[in-house]
$ cat query_32.json   # JSON, C-alpha atoms
[["chain", "number", "residue", "atom", "x", "y", "z"],
["A", 29, "MET", "CA", -13.98, -13.08, -22.01],
["A", 30, "ASN", "CA", -13.74, -9.67, -20.33],
["A", 31, "LEU", "CA", -12.07, -11.23, -17.31],
["A", 32, "GLY", "CA", -9.74, -13.39, -19.37],
["A", 33, "SER", "CA", -8.59, -10.46, -21.48],
["A", 34, "GLY", "CA", -8.49, -8.06, -18.54],
["A", 35, "PHE", "CA", -4.70, -7.89, -18.71],
["A", 36, "MET", "CA", -5.06, -5.81, -21.89],
["A", 37, "ALA", "CA", -7.04, -3.10, -20.12],
["A", 38, "SER", "CA", -4.76, -3.30, -17.11],
["A", 39, "LYS", "CA", -1.60, -2.76, -19.15],
["A", 40, "THR", "CA", -3.22, 0.10, -21.05],
["A", 41, "LEU", "CA", -3.80, 1.95, -17.79],
["A", 42, "LEU", "CA", -0.37, 1.01, -16.39],
["A", 43, "SER", "CA", 1.38, 2.30, -19.52],
["A", 44, "ALA", "CA", -0.59, 5.55, -19.32],
["A", 45, "VAL", "CA", 0.59, 6.03, -15.73],
["A", 46, "GLU", "CA", 4.17, 5.13, -16.68],
["A", 47, "LEU", "CA", 4.11, 7.69, -19.51],
["A", 48, "GLY", "CA", 2.73, 10.42, -17.24],
["A", 49, "LEU", "CA", -0.26, 10.90, -19.55],
["A", 50, "PHE", "CA", -2.63, 12.10, -16.81],
["A", 51, "THR", "CA", -0.03, 14.54, -15.48],
["A", 52, "VAL", "CA", 0.39, 16.05, -18.94],
["A", 53, "LEU", "CA", -3.37, 16.42, -19.39],
["A", 54, "ALA", "CA", -3.64, 18.11, -15.99],
["A", 55, "GLU", "CA", -2.18, 21.14, -17.79],
["A", 56, "GLY", "CA", -5.14, 21.22, -20.17],
["A", 57, "PRO", "CA", -6.91, 19.29, -22.98],
["A", 58, "LEU", "CA", -4.85, 18.24, -26.01],
["A", 59, "THR", "CA", -5.48, 16.86, -29.48],
["A", 60, "CYS", "CA", -4.32, 13.39, -30.41],
["A", 61, "GLU", "CA", -1.34, 14.77, -32.31],
["A", 62, "ALA", "CA", -0.30, 17.17, -29.56],
["A", 63, "LEU", "CA", -0.66, 14.58, -26.81],
["A", 64, "ALA", "CA", 1.28, 11.97, -28.79],
["A", 65, "ALA", "CA", 4.05, 14.50, -29.36],
["A", 66, "ARG", "CA", 4.22, 15.39, -25.65],
["A", 67, "LEU", "CA", 4.47, 11.71, -24.71],
["A", 68, "GLN", "CA", 6.84, 10.88, -27.60],
["A", 69, "LEU", "CA", 4.52, 8.20, -29.01],
["A", 70, "HIS", "CA", 4.54, 6.76, -32.54],
["A", 71, "PRO", "CA", 1.44, 7.93, -34.45],
["A", 72, "ARG", "CA", 0.44, 4.37, -35.41],
["A", 73, "GLY", "CA", -0.91, 3.39, -31.98],
["A", 74, "ALA", "CA", -1.53, 6.72, -30.31],
["A", 75, "ARG", "CA", -5.16, 7.28, -31.33],
["A", 76, "ASP", "CA", -6.23, 3.75, -30.39],
["A", 77, "PHE", "CA", -4.38, 4.09, -27.09],
["A", 78, "PHE", "CA", -6.11, 7.34, -26.17],
["A", 79, "ASP", "CA", -9.53, 6.16, -27.34],
["A", 80, "ALA", "CA", -9.14, 2.90, -25.41],
["A", 81, "LEU", "CA", -8.61, 5.02, -22.29],
["A", 82, "VAL", "CA", -11.79, 6.93, -23.17],
["A", 83, "ALA", "CA", -13.68, 3.63, -23.47],
["A", 84, "LEU", "CA", -12.21, 2.52, -20.14],
["A", 85, "ASN", "CA", -13.50, 5.76, -18.52],
["A", 86, "MET", "CA", -9.97, 6.93, -17.79],
["A", 87, "LEU", "CA", -10.19, 9.90, -20.19],
["A", 88, "LYS", "CA", -12.86, 12.16, -21.66],
["A", 89, "ARG", "CA", -12.89, 13.33, -25.28],
["A", 90, "GLY", "CA", -14.58, 16.52, -26.41],
["A", 91, "GLY", "CA", -14.39, 17.15, -30.14],
["A", 92, "SER", "CA", -10.78, 16.44, -31.05],
["A", 93, "ARG", "CA", -9.32, 17.03, -27.60],
["A", 94, "TYR", "CA", -8.65, 14.60, -24.73],
["A", 95, "ARG", "CA", -8.86, 15.53, -21.07],
["A", 96, "ASN", "CA", -8.74, 13.83, -17.68],
["A", 97, "THR", "CA", -11.83, 12.57, -15.92],
["A", 98, "PRO", "CA", -12.49, 14.10, -12.48],
["A", 99, "GLU", "CA", -11.11, 10.91, -10.91],
["A", 100, "THR", "CA", -7.92, 10.65, -12.95],
["A", 101, "ALA", "CA", -7.34, 14.38, -12.41],
["A", 102, "ILE", "CA", -7.37, 13.83, -8.65],
["A", 103, "PHE", "CA", -5.63, 10.48, -8.28],
["A", 104, "LEU", "CA", -3.28, 10.08, -11.28],
["A", 105, "ASP", "CA", -1.71, 13.53, -11.61],
["A", 106, "ARG", "CA", 1.79, 13.19, -10.14],
["A", 107, "THR", "CA", 1.86, 16.84, -9.07],
["A", 108, "LYS", "CA", -1.04, 16.43, -6.64],
["A", 109, "PRO", "CA", -0.72, 15.16, -3.04],
["A", 110, "SER", "CA", -3.70, 12.88, -3.77],
["A", 111, "TYR", "CA", -1.66, 10.92, -6.35],
["A", 112, "ILE", "CA", -2.02, 7.15, -5.83],
["A", 113, "GLY", "CA", -0.22, 6.12, -9.00],
["A", 114, "GLY", "CA", 2.89, 5.05, -7.10],
["A", 115, "LEU", "CA", 1.29, 1.68, -6.50],
["A", 116, "LEU", "CA", 0.42, 1.40, -10.19],
["A", 117, "GLU", "CA", 3.97, 2.35, -11.14],
["A", 118, "MET", "CA", 5.25, -0.54, -9.01],
["A", 119, "ALA", "CA", 2.64, -2.88, -10.48],
["A", 120, "ASN", "CA", 3.82, -1.95, -13.95],
["A", 121, "ALA", "CA", 7.55, -2.16, -13.22],
["A", 122, "ARG", "CA", 7.47, -5.39, -11.19],
["A", 123, "LEU", "CA", 4.23, -7.21, -10.57],
["A", 124, "TYR", "CA", 2.85, -7.27, -14.12],
["A", 125, "GLY", "CA", 5.66, -9.51, -15.30],
["A", 126, "PHE", "CA", 5.87, -11.64, -12.17],
["A", 127, "TRP", "CA", 2.17, -12.54, -12.32],
["A", 128, "GLY", "CA", 2.99, -14.44, -15.50],
["A", 129, "GLY", "CA", 4.43, -17.04, -13.12],
["A", 130, "LEU", "CA", 1.21, -17.60, -11.15],
["A", 131, "THR", "CA", 0.66, -21.13, -12.48],
["A", 132, "GLU", "CA", 4.20, -22.09, -11.46],
["A", 133, "ALA", "CA", 3.65, -20.54, -8.03],
["A", 134, "LEU", "CA", 0.43, -22.53, -7.59],
["A", 135, "ARG", "CA", 2.24, -25.74, -8.53],
["A", 136, "THR", "CA", 5.34, -25.18, -6.41],
["A", 137, "GLY", "CA", 4.37, -22.76, -3.63],
["A", 138, "THR", "CA", 7.52, -20.75, -4.35],
["A", 139, "PRO", "CA", 7.97, -17.03, -5.12],
["A", 140, "GLN", "CA", 8.13, -15.89, -8.75],
["A", 141, "ASN", "CA", 9.88, -12.54, -8.34],
["A", 142, "GLU", "CA", 13.58, -11.64, -8.13],
["A", 143, "VAL", "CA", 14.20, -14.85, -6.17],
["A", 144, "ARG", "CA", 13.89, -16.90, -9.37],
["A", 145, "SER", "CA", 17.06, -15.33, -10.76],
["A", 146, "GLY", "CA", 18.98, -15.67, -7.52],
["A", 147, "GLY", "CA", 18.08, -12.23, -6.17],
["A", 148, "ASP", "CA", 16.44, -11.18, -2.95],
["A", 149, "PHE", "CA", 13.44, -8.86, -3.27],
["A", 150, "TYR", "CA", 13.98, -6.83, -0.10],
["A", 151, "GLY", "CA", 17.78, -6.95, -0.37],
["A", 152, "THR", "CA", 17.68, -5.72, -3.97],
["A", 153, "LEU", "CA", 15.01, -3.14, -3.23],
["A", 154, "TYR", "CA", 16.65, -1.61, -0.17],
["A", 155, "SER", "CA", 20.08, -1.42, -1.83],
["A", 156, "ASP", "CA", 18.82, 0.73, -4.72],
["A", 157, "PRO", "CA", 17.83, 4.25, -3.54],
["A", 158, "ALA", "CA", 15.67, 5.02, -6.59],
["A", 159, "ARG", "CA", 13.75, 1.72, -6.43],
["A", 160, "LEU", "CA", 13.39, 2.03, -2.66],
["A", 161, "GLU", "CA", 11.89, 5.52, -2.86],
["A", 162, "ALA", "CA", 9.48, 4.37, -5.59],
["A", 163, "PHE", "CA", 8.44, 1.40, -3.45],
["A", 164, "LEU", "CA", 7.89, 3.57, -0.36],
["A", 165, "LYS", "CA", 5.78, 5.99, -2.40],
["A", 166, "ALA", "CA", 3.77, 3.00, -3.62],
["A", 167, "MET", "CA", 3.14, 1.98, -0.02],
["A", 168, "THR", "CA", 1.88, 5.48, 0.74],
["A", 169, "ALA", "CA", -0.47, 5.23, -2.23],
["A", 170, "LEU", "CA", -1.71, 1.86, -0.97],
["A", 171, "SER", "CA", -2.32, 3.13, 2.58],
["A", 172, "ILE", "CA", -3.40, 6.76, 2.24],
["A", 173, "GLY", "CA", -7.15, 6.05, 2.15],
["A", 174, "SER", "CA", -6.86, 3.71, 5.12],
["A", 175, "ALA", "CA", -4.76, 6.30, 6.95],
["A", 176, "LEU", "CA", -7.57, 8.85, 6.69],
["A", 177, "GLY", "CA", -10.03, 6.27, 8.05],
["A", 178, "ILE", "CA", -7.71, 5.29, 10.91],
["A", 179, "ALA", "CA", -7.31, 8.95, 11.84],
["A", 180, "ARG", "CA", -11.09, 9.36, 11.87],
["A", 181, "LYS", "CA", -12.41, 6.07, 13.28],
["A", 182, "PHE", "CA", -9.99, 5.21, 16.09],
["A", 183, "PRO", "CA", -10.52, 6.93, 19.52],
["A", 184, "TRP", "CA", -7.24, 8.85, 19.49],
["A", 185, "LYS", "CA", -8.36, 11.26, 22.24],
["A", 186, "LYS", "CA", -7.69, 8.49, 24.75],
["A", 187, "TYR", "CA", -4.03, 8.14, 23.74],
["A", 188, "LYS", "CA", -0.89, 10.28, 23.52],
["A", 189, "THR", "CA", 1.62, 8.31, 21.43],
["A", 190, "PHE", "CA", 1.76, 5.89, 18.51],
["A", 191, "VAL", "CA", 4.35, 4.10, 16.37],
["A", 192, "ASP", "CA", 3.78, 2.77, 12.86],
["A", 193, "ILE", "CA", 5.78, -0.44, 12.39],
["A", 194, "GLY", "CA", 7.07, -0.88, 8.83],
["A", 195, "CYS", "CA", 6.24, 2.78, 8.32],
["A", 196, "ALA", "CA", 7.72, 3.20, 4.81],
["A", 197, "GLN", "CA", 7.57, 6.84, 3.71],
["A", 198, "GLY", "CA", 5.41, 7.80, 6.68],
["A", 199, "GLY", "CA", 2.03, 8.26, 5.03],
["A", 200, "VAL", "CA", -0.03, 6.78, 7.87],
["A", 201, "ALA", "CA", 1.93, 8.53, 10.61],
["A", 202, "VAL", "CA", 1.55, 11.88, 8.88],
["A", 203, "GLU", "CA", -2.22, 11.57, 8.41],
["A", 204, "VAL", "CA", -2.80, 10.49, 12.03],
["A", 205, "ALA", "CA", -0.58, 13.24, 13.45],
["A", 206, "SER", "CA", -2.10, 15.87, 11.14],
["A", 207, "ALA", "CA", -5.61, 15.04, 12.35],
["A", 208, "HIS", "CA", -4.75, 14.95, 16.09],
["A", 209, "LYS", "CA", -2.53, 17.76, 17.30],
["A", 210, "HIS", "CA", -2.08, 16.27, 20.80],
["A", 211, "LEU", "CA", -0.34, 13.14, 19.47],
["A", 212, "THR", "CA", 3.36, 12.49, 19.15],
["A", 213, "GLY", "CA", 4.38, 9.48, 17.16],
["A", 214, "GLY", "CA", 6.77, 7.95, 14.76],
["A", 215, "GLY", "CA", 7.66, 5.05, 12.57],
["A", 216, "MET", "CA", 9.96, 2.05, 12.69],
["A", 217, "ASP", "CA", 11.67, 0.67, 9.60],
["A", 218, "LEU", "CA", 15.13, -0.30, 8.37],
["A", 219, "PRO", "CA", 17.78, 2.44, 8.81],
["A", 220, "VAL", "CA", 18.01, 3.16, 5.07],
["A", 221, "VAL", "CA", 14.41, 4.44, 5.18],
["A", 222, "GLN", "CA", 15.17, 7.15, 7.76],
["A", 223, "PRO", "CA", 16.05, 10.07, 5.41],
["A", 224, "ILE", "CA", 12.99, 9.37, 3.25],
["A", 225, "PHE", "CA", 10.69, 9.29, 6.29],
["A", 226, "GLU", "CA", 12.20, 12.41, 7.82],
["A", 227, "SER", "CA", 12.05, 14.32, 4.54],
["A", 228, "TYR", "CA", 8.38, 13.40, 4.09],
["A", 229, "ALA", "CA", 7.49, 14.38, 7.67],
["A", 230, "GLN", "CA", 9.36, 17.66, 7.36],
["A", 231, "GLY", "CA", 7.63, 18.42, 4.08],
["A", 232, "LYS", "CA", 4.29, 18.00, 5.87],
["A", 233, "GLY", "CA", 5.37, 20.23, 8.74],
["A", 234, "LEU", "CA", 5.43, 17.39, 11.29],
["A", 235, "ALA", "CA", 9.13, 16.80, 11.92],
["A", 236, "ALA", "CA", 8.79, 18.00, 15.52],
["A", 237, "ARG", "CA", 6.12, 15.42, 16.37],
["A", 238, "LEU", "CA", 7.20, 12.39, 14.33],
["A", 239, "ARG", "CA", 10.37, 10.46, 15.17],
["A", 240, "PHE", "CA", 11.96, 7.69, 13.13],
["A", 241, "HIS", "CA", 13.06, 4.53, 14.97],
["A", 242, "PRO", "CA", 15.65, 2.61, 12.90],
["A", 243, "GLY", "CA", 15.60, -1.15, 13.33],
["A", 244, "ASP", "CA", 14.66, -4.60, 12.10],
["A", 245, "PHE", "CA", 11.23, -5.41, 13.48],
["A", 246, "PHE", "CA", 12.08, -9.10, 13.83],
["A", 247, "LYS", "CA", 15.43, -8.56, 15.55],
["A", 248, "ASP", "CA", 14.70, -5.42, 17.60],
["A", 249, "PRO", "CA", 11.96, -4.67, 20.14],
["A", 250, "PHE", "CA", 9.17, -2.34, 19.15],
["A", 251, "PRO", "CA", 9.40, 1.17, 20.68],
["A", 252, "LYS", "CA", 7.24, 1.59, 23.77],
["A", 253, "THR", "CA", 4.06, 3.47, 22.89],
["A", 254, "HIS", "CA", 0.32, 3.68, 23.60],
["A", 255, "VAL", "CA", -0.72, 2.45, 20.13],
["A", 256, "VAL", "CA", 1.12, 0.22, 17.65],
["A", 257, "ILE", "CA", 0.07, 0.41, 13.99],
["A", 258, "MET", "CA", 0.92, -2.30, 11.45],
["A", 259, "GLY", "CA", -0.37, -1.86, 7.91],
["A", 260, "HIS", "CA", 0.32, -4.20, 5.00],
["A", 261, "VAL", "CA", 3.00, -5.81, 7.17],
["A", 262, "LEU", "CA", 1.55, -9.02, 8.56],
["A", 263, "HIS", "CA", 0.49, -10.35, 5.16],
["A", 264, "ASN", "CA", 4.15, -10.58, 4.10],
["A", 265, "TRP", "CA", 4.91, -13.31, 6.62],
["A", 266, "SER", "CA", 4.08, -16.88, 7.64],
["A", 267, "LEU", "CA", 1.72, -17.58, 10.54],
["A", 268, "ASP", "CA", 4.58, -18.12, 13.00],
["A", 269, "GLU", "CA", 6.15, -14.83, 11.94],
["A", 270, "LYS", "CA", 2.81, -13.03, 12.17],
["A", 271, "LEU", "CA", 2.46, -14.20, 15.78],
["A", 272, "ILE", "CA", 6.00, -13.03, 16.61],
["A", 273, "LEU", "CA", 5.12, -9.52, 15.43],
["A", 274, "LEU", "CA", 1.81, -9.47, 17.29],
["A", 275, "ARG", "CA", 3.54, -10.57, 20.50],
["A", 276, "LYS", "CA", 6.02, -7.72, 20.06],
["A", 277, "ALA", "CA", 3.11, -5.31, 19.63],
["A", 278, "TYR", "CA", 1.55, -6.66, 22.85],
["A", 279, "SER", "CA", 4.81, -6.10, 24.73],
["A", 280, "ALA", "CA", 5.19, -2.55, 23.39],
["A", 281, "VAL", "CA", 1.90, -1.15, 24.70],
["A", 282, "PRO", "CA", 0.75, -0.61, 28.30],
["A", 283, "PRO", "CA", -2.49, -2.01, 29.80],
["A", 284, "GLY", "CA", -5.27, -0.21, 27.95],
["A", 285, "GLY", "CA", -3.00, 0.29, 24.94],
["A", 286, "ALA", "CA", -3.93, -0.91, 21.48],
["A", 287, "VAL", "CA", -2.67, -2.40, 18.25],
["A", 288, "ILE", "CA", -4.15, -1.46, 14.85],
["A", 289, "VAL", "CA", -3.70, -3.99, 12.04],
["A", 290, "HIS", "CA", -4.90, -2.66, 8.69],
["A", 291, "GLU", "CA", -4.96, -4.70, 5.49],
["A", 292, "ALA", "CA", -7.23, -5.56, 2.58],
["A", 293, "LEU", "CA", -8.86, -8.06, 4.91],
["A", 294, "ILE", "CA", -10.51, -11.02, 3.20],
["A", 295, "ASP", "CA", -14.19, -11.22, 4.15],
["A", 296, "ASP", "CA", -14.98, -13.97, 6.66],
["A", 297, "GLU", "CA", -16.93, -15.93, 4.01],
["A", 298, "ARG", "CA", -13.90, -15.67, 1.66],
["A", 299, "SER", "CA", -16.12, -14.94, -1.34],
["A", 300, "LYS", "CA", -16.55, -11.15, -1.72],
["A", 301, "ASN", "CA", -13.35, -9.14, -1.25],
["A", 302, "VAL", "CA", -11.70, -9.86, -4.59],
["A", 303, "PHE", "CA", -8.82, -7.47, -3.95],
["A", 304, "GLY", "CA", -7.97, -9.13, -0.64],
["A", 305, "LEU", "CA", -7.95, -12.60, -2.18],
["A", 306, "LEU", "CA", -5.85, -11.46, -5.16],
["A", 307, "MET", "CA", -3.46, -9.71, -2.78],
["A", 308, "SER", "CA", -3.00, -13.03, -0.99],
["A", 309, "LEU", "CA", -2.08, -14.62, -4.34],
["A", 310, "ASN", "CA", 0.34, -11.74, -4.79],
["A", 311, "MET", "CA", 1.98, -12.76, -1.51],
["A", 312, "LEU", "CA", 2.34, -16.25, -2.97],
["A", 313, "ILE", "CA", 4.23, -14.72, -5.90],
["A", 314, "GLU", "CA", 6.28, -12.31, -3.79],
["A", 315, "THR", "CA", 7.11, -14.11, -0.51],
["A", 316, "PRO", "CA", 8.16, -17.54, 0.81],
["A", 317, "GLY", "CA", 5.32, -17.79, 3.34],
["A", 318, "GLY", "CA", 3.09, -14.71, 3.30],
["A", 319, "PHE", "CA", -0.69, -14.74, 2.95],
["A", 320, "ASP", "CA", -3.64, -12.44, 3.56],
["A", 321, "PHE", "CA", -6.32, -13.24, 6.11],
["A", 322, "THR", "CA", -9.80, -12.53, 7.40],
["A", 323, "GLY", "CA", -10.78, -10.27, 10.25],
["A", 324, "ALA", "CA", -11.80, -13.34, 12.25],
["A", 325, "ASP", "CA", -8.35, -14.86, 11.68],
["A", 326, "CYS", "CA", -6.66, -11.74, 13.00],
["A", 327, "GLN", "CA", -8.97, -11.52, 16.02],
["A", 328, "ARG", "CA", -8.12, -15.12, 16.90],
["A", 329, "TRP", "CA", -4.39, -14.39, 16.69],
["A", 330, "LEU", "CA", -4.75, -11.25, 18.83],
["A", 331, "LYS", "CA", -6.51, -13.29, 21.51],
["A", 332, "GLU", "CA", -3.80, -15.96, 21.32],
["A", 333, "VAL", "CA", -1.01, -13.46, 22.05],
["A", 334, "GLY", "CA", -2.90, -11.88, 24.96],
["A", 335, "PHE", "CA", -5.07, -9.00, 23.76],
["A", 336, "ALA", "CA", -8.25, -8.84, 25.86],
["A", 337, "ARG", "CA", -10.68, -7.77, 23.14],
["A", 338, "SER", "CA", -10.74, -6.80, 19.49],
["A", 339, "ARG", "CA", -12.97, -5.28, 16.83],
["A", 340, "VAL", "CA", -13.02, -5.20, 13.02],
["A", 341, "ILE", "CA", -13.71, -1.73, 11.55],
["A", 342, "LYS", "CA", -14.29, -1.03, 7.84],
["A", 343, "LEU", "CA", -12.05, 1.52, 6.16],
["A", 344, "ASP", "CA", -11.93, 2.61, 2.51],
["A", 345, "GLY", "CA", -12.59, 0.35, -0.48],
["A", 346, "PRO", "CA", -11.42, -3.21, 0.23],
["A", 347, "ASN", "CA", -9.55, -2.23, 3.40],
["A", 348, "SER", "CA", -10.40, -2.74, 7.06],
["A", 349, "MET", "CA", -8.61, -2.57, 10.38],
["A", 350, "VAL", "CA", -8.60, -4.91, 13.33],
["A", 351, "VAL", "CA", -8.10, -3.11, 16.65],
["A", 352, "GLY", "CA", -6.90, -5.12, 19.65],
["A", 353, "TRP", "CA", -6.89, -3.71, 23.18],
["A", 354, "LYS", "CA", -4.55, -4.90, 25.94]]

$ encode --input "query_32.json" --output "structure tokens"
Amino acid sequence: MNLGSGFMASKTLLSAVELGLFTVLAEGPLTCEALAARLQLHPRGARDFFDALVALNMLKRGGSRYRNTPETAIFLDRTKPSYIGGLLEMANARLYGFWGGLTEALRTGTPQNEVRSGGDFYGTLYSDPARLEAFLKAMTALSIGSALGIARKFPWKKYKTFVDIGCAQGGVAVEVASAHKHLTGGGMDLPVVQPIFESYAQGKGLAARLRFHPGDFFKDPFPKTHVVIMGHVLHNWSLDEKLILLRKAYSAVPPGGAVIVHEALIDDERSKNVFGLLMSLNMLIETPGGFDFTGADCQRWLKEVGFARSRVIKLDGPNSMVVGWK
């Protein structure tokens, strides 16, 4: 019953993020009446809404006042650099509704997003500056924990350059460059992303060491570099398309160079990493041929395109990286 009604708890949290509730409470505890007024909520549902968040361990209540938990204060306050709510904002605005079409997707194998109404997800997204920036922030939220692990667990001292393919806002590139002052790097994405990437890098004080490479990663070659990074990229595509991208990564790096693939890798037994398996179902809903995969799958593909050896390394939460060396 808890699992079957889980959408109720999910939407409660997503609405709280949408309303900016945790950002408001970052300023200090508030009573039910004061918090409802700040969020412009009708009094009928406000108390139940706030108390449901208390029961879900998303808020604390002391006397008549509500306040953030230590976790929501860190991760769901929009004013903090640790904010990961961008991904939840996208889930609320897009994915929550599209997942209502899961049964149809399972029956037909076809996407259930904008495509159903004649639209194109990426075309629509990249043509709307506001939606694009929100999406790129969501990708940073999705990858920031992994980025810290990649910066820490990969032997960067052996290398001088890197390029993040499908770099979005630049979250991974910034974390890697911040942690290793000897590196110069950059990101490759569609040209419309360039000002967003450059603004983010400049805001982090890294504009001099991070360069944006505009291009279509299927049509254009990858920039030459010592290390290619691809995060939450391969799972968007069919197997044939995955292999095309891995071959491009192989061509971009010199002997001794490396590729880093980071995703919510499904465990090899395909029975434990719930997030990875659900993300693969999300690819069913979002893409014509995308799917998530295990570390063993990725290692097999790396070998097929020519990489001499590979290793799976655990990152944060459900995420891992597969490193292949040329």

$ closest_atom_pairs --input "query_32.json" --of "range 139-219 of chain A" --to "range 336-351 of chain A" --cutoff "6 Å" --atoms "all atoms listed in the file" --output "tab-separated table"
residue	atom	partner	partner_atom	distance
A:Gly173	CA	A:Asp344	CA	5.9
A:Ser174	CA	A:Leu343	CA	5.7
A:Gly177	CA	A:Leu343	CA	5.5

$ write_last_selection --input "query_32.json" --atoms "C-alpha atoms" --output "mmCIF file, in the coordinates of the input"
data_model
loop_
_atom_site.group_PDB
_atom_site.id
_atom_site.type_symbol
_atom_site.label_atom_id
_atom_site.label_comp_id
_atom_site.auth_asym_id
_atom_site.auth_seq_id
_atom_site.Cartn_x
_atom_site.Cartn_y
_atom_site.Cartn_z
ATOM 1 C CA GLY A 173 -7.150 6.050 2.150
ATOM 2 C CA SER A 174 -6.860 3.710 5.120
ATOM 3 C CA GLY A 177 -10.030 6.270 8.050
#

$ closest_residue --input "query_32.json" --among "A:Leu309, A:Ala162, A:Ala179, A:Leu330" --to "Ile112 in chain A" --atoms "all atoms listed in the file"
A:Ala162

$ atom_distance --input "query_32.json" --atom1 "CA of Ala44 in chain A" --atom2 "CA of Leu31 in chain A"
20.4 Å

$ closest_residue --input "query_32.json" --among "A:Thr189, A:Gln140, A:Thr100, A:Thr40" --to "Gly73 in chain A" --atoms "only C-alpha atoms"
A:Thr40

$ residues_around --input "query_32.json" --residues "range 52-57 of chain A" --least-positions-apart "4" --cutoff "10 Å" --atoms "only C-alpha atoms" --output "list in words"
Leu47, Gly48, Ala62, Leu63, Arg66, Leu67, Leu87, Lys88, Arg89, Gly90, Ser92, Arg93, Tyr94, Arg95, Asn96, Thr97, Thr100, Ala101, Ile102, Leu104, Asp105, Arg106, Thr107 and Lys108 of chain A

$ write_last_selection --input "query_32.json" --atoms "C-alpha atoms" --output "mmCIF file, keeping the file's coordinate frame"
data_model
loop_
_atom_site.group_PDB
_atom_site.id
_atom_site.type_symbol
_atom_site.label_atom_id
_atom_site.label_comp_id
_atom_site.auth_asym_id
_atom_site.auth_seq_id
_atom_site.Cartn_x
_atom_site.Cartn_y
_atom_site.Cartn_z
ATOM 1 C CA LEU A 47 4.110 7.690 -19.510
ATOM 2 C CA GLY A 48 2.730 10.420 -17.240
ATOM 3 C CA ALA A 62 -0.300 17.170 -29.560
ATOM 4 C CA LEU A 63 -0.660 14.580 -26.810
ATOM 5 C CA ARG A 66 4.220 15.390 -25.650
ATOM 6 C CA LEU A 67 4.470 11.710 -24.710
ATOM 7 C CA LEU A 87 -10.190 9.900 -20.190
ATOM 8 C CA LYS A 88 -12.860 12.160 -21.660
ATOM 9 C CA ARG A 89 -12.890 13.330 -25.280
ATOM 10 C CA GLY A 90 -14.580 16.520 -26.410
ATOM 11 C CA SER A 92 -10.780 16.440 -31.050
ATOM 12 C CA ARG A 93 -9.320 17.030 -27.600
ATOM 13 C CA TYR A 94 -8.650 14.600 -24.730
ATOM 14 C CA ARG A 95 -8.860 15.530 -21.070
ATOM 15 C CA ASN A 96 -8.740 13.830 -17.680
ATOM 16 C CA THR A 97 -11.830 12.570 -15.920
ATOM 17 C CA THR A 100 -7.920 10.650 -12.950
ATOM 18 C CA ALA A 101 -7.340 14.380 -12.410
ATOM 19 C CA ILE A 102 -7.370 13.830 -8.650
ATOM 20 C CA LEU A 104 -3.280 10.080 -11.280
ATOM 21 C CA ASP A 105 -1.710 13.530 -11.610
ATOM 22 C CA ARG A 106 1.790 13.190 -10.140
ATOM 23 C CA THR A 107 1.860 16.840 -9.070
ATOM 24 C CA LYS A 108 -1.040 16.430 -6.640
#

$ closest_residue --input "query_32.json" --among "A:Thr253, A:Thr136, A:Ser279, A:Ser206" --to "Val191 in chain A" --atoms "all atoms listed in the file"
A:Thr253

$ residues_around --input "query_32.json" --residues "Leu170 in chain A" --least-positions-apart "5" --cutoff "10 Å" --atoms "only C-alpha atoms" --output "ChimeraX atom specification"
/A:112-116,164-165,175,199,259-260,291-292,347

$ write_last_selection --input "query_32.json" --atoms "C-alpha atoms" --output "short mmCIF file (atom, residue, chain, number, x, y, z; two decimals), in the coordinates of the input"
data_model
loop_
_atom_site.label_atom_id
_atom_site.label_comp_id
_atom_site.auth_asym_id
_atom_site.auth_seq_id
_atom_site.Cartn_x
_atom_site.Cartn_y
_atom_site.Cartn_z
CA ILE A 112 -2.02 7.15 -5.83
CA GLY A 113 -0.22 6.12 -9.00
CA GLY A 114 2.89 5.05 -7.10
CA LEU A 115 1.29 1.68 -6.50
CA LEU A 116 0.42 1.40 -10.19
CA LEU A 164 7.89 3.57 -0.36
CA LYS A 165 5.78 5.99 -2.40
CA ALA A 175 -4.76 6.30 6.95
CA GLY A 199 2.03 8.26 5.03
CA GLY A 259 -0.37 -1.86 7.91
CA HIS A 260 0.32 -4.20 5.00
CA GLU A 291 -4.96 -4.70 5.49
CA ALA A 292 -7.23 -5.56 2.58
CA ASN A 347 -9.55 -2.23 3.40
#

$ residues_around --input "query_32.json" --residues "Trp184 in chain A" --least-positions-apart "5" --cutoff "9 Å" --atoms "only C-alpha atoms" --output "PyMOL selection string"
chain A and resi 179+204+208+211

$ atom_distance --input "query_32.json" --atom1 "CA of Glu203 in chain A" --atom2 "CA of Gly284 in chain A"
23.0 Å

$ residues_around --input "query_32.json" --residues "Lys186 in chain A" --least-positions-apart "4" --cutoff "12 Å" --atoms "all atoms listed in the file" --output "list in words"
Phe182, Phe190, His208, His210, Leu211, His254, Val255, Gly284, Gly285 and Ala286 of chain A

$ atom_distance --input "query_32.json" --atom1 "CA of Val200 in chain A" --atom2 "CA of His290 in chain A"
10.7 Å

$ residues_around --input "query_32.json" --residues "Gly317 in chain A" --least-positions-apart "5" --cutoff "10 Å" --atoms "only C-alpha atoms" --output "PyMOL selection string"
chain A and resi 137-139+263-269+311-312

$ closest_residue --input "query_32.json" --among "A:Glu61, A:Asp320, A:Glu161, A:Asp295" --to "Phe225 in chain A" --atoms "only C-alpha atoms"
A:Glu161

$ closest_residue --input "query_32.json" --among "A:Gly213, A:Pro223, A:Pro283, A:Gly194" --to "Phe246 in chain A" --atoms "all atoms listed in the file"
A:Gly194

$ closest_residue --input "query_32.json" --among "A:Lys252, A:Ser38, A:Ala207, A:Ile224" --to "Pro183 in chain A" --atoms "only C-alpha atoms"
A:Ala207

$ residues_near_point --input "query_32.json" --point "(4.9, -9.6, -4.0)" --cutoff "12 Å" --atoms "all atoms listed in the file" --output "VMD selection string"
chain A and resid 118 to 119 122 to 127 129 to 130 133 138 to 143 148 to 150 163 260 to 261 263 to 265 306 to 320
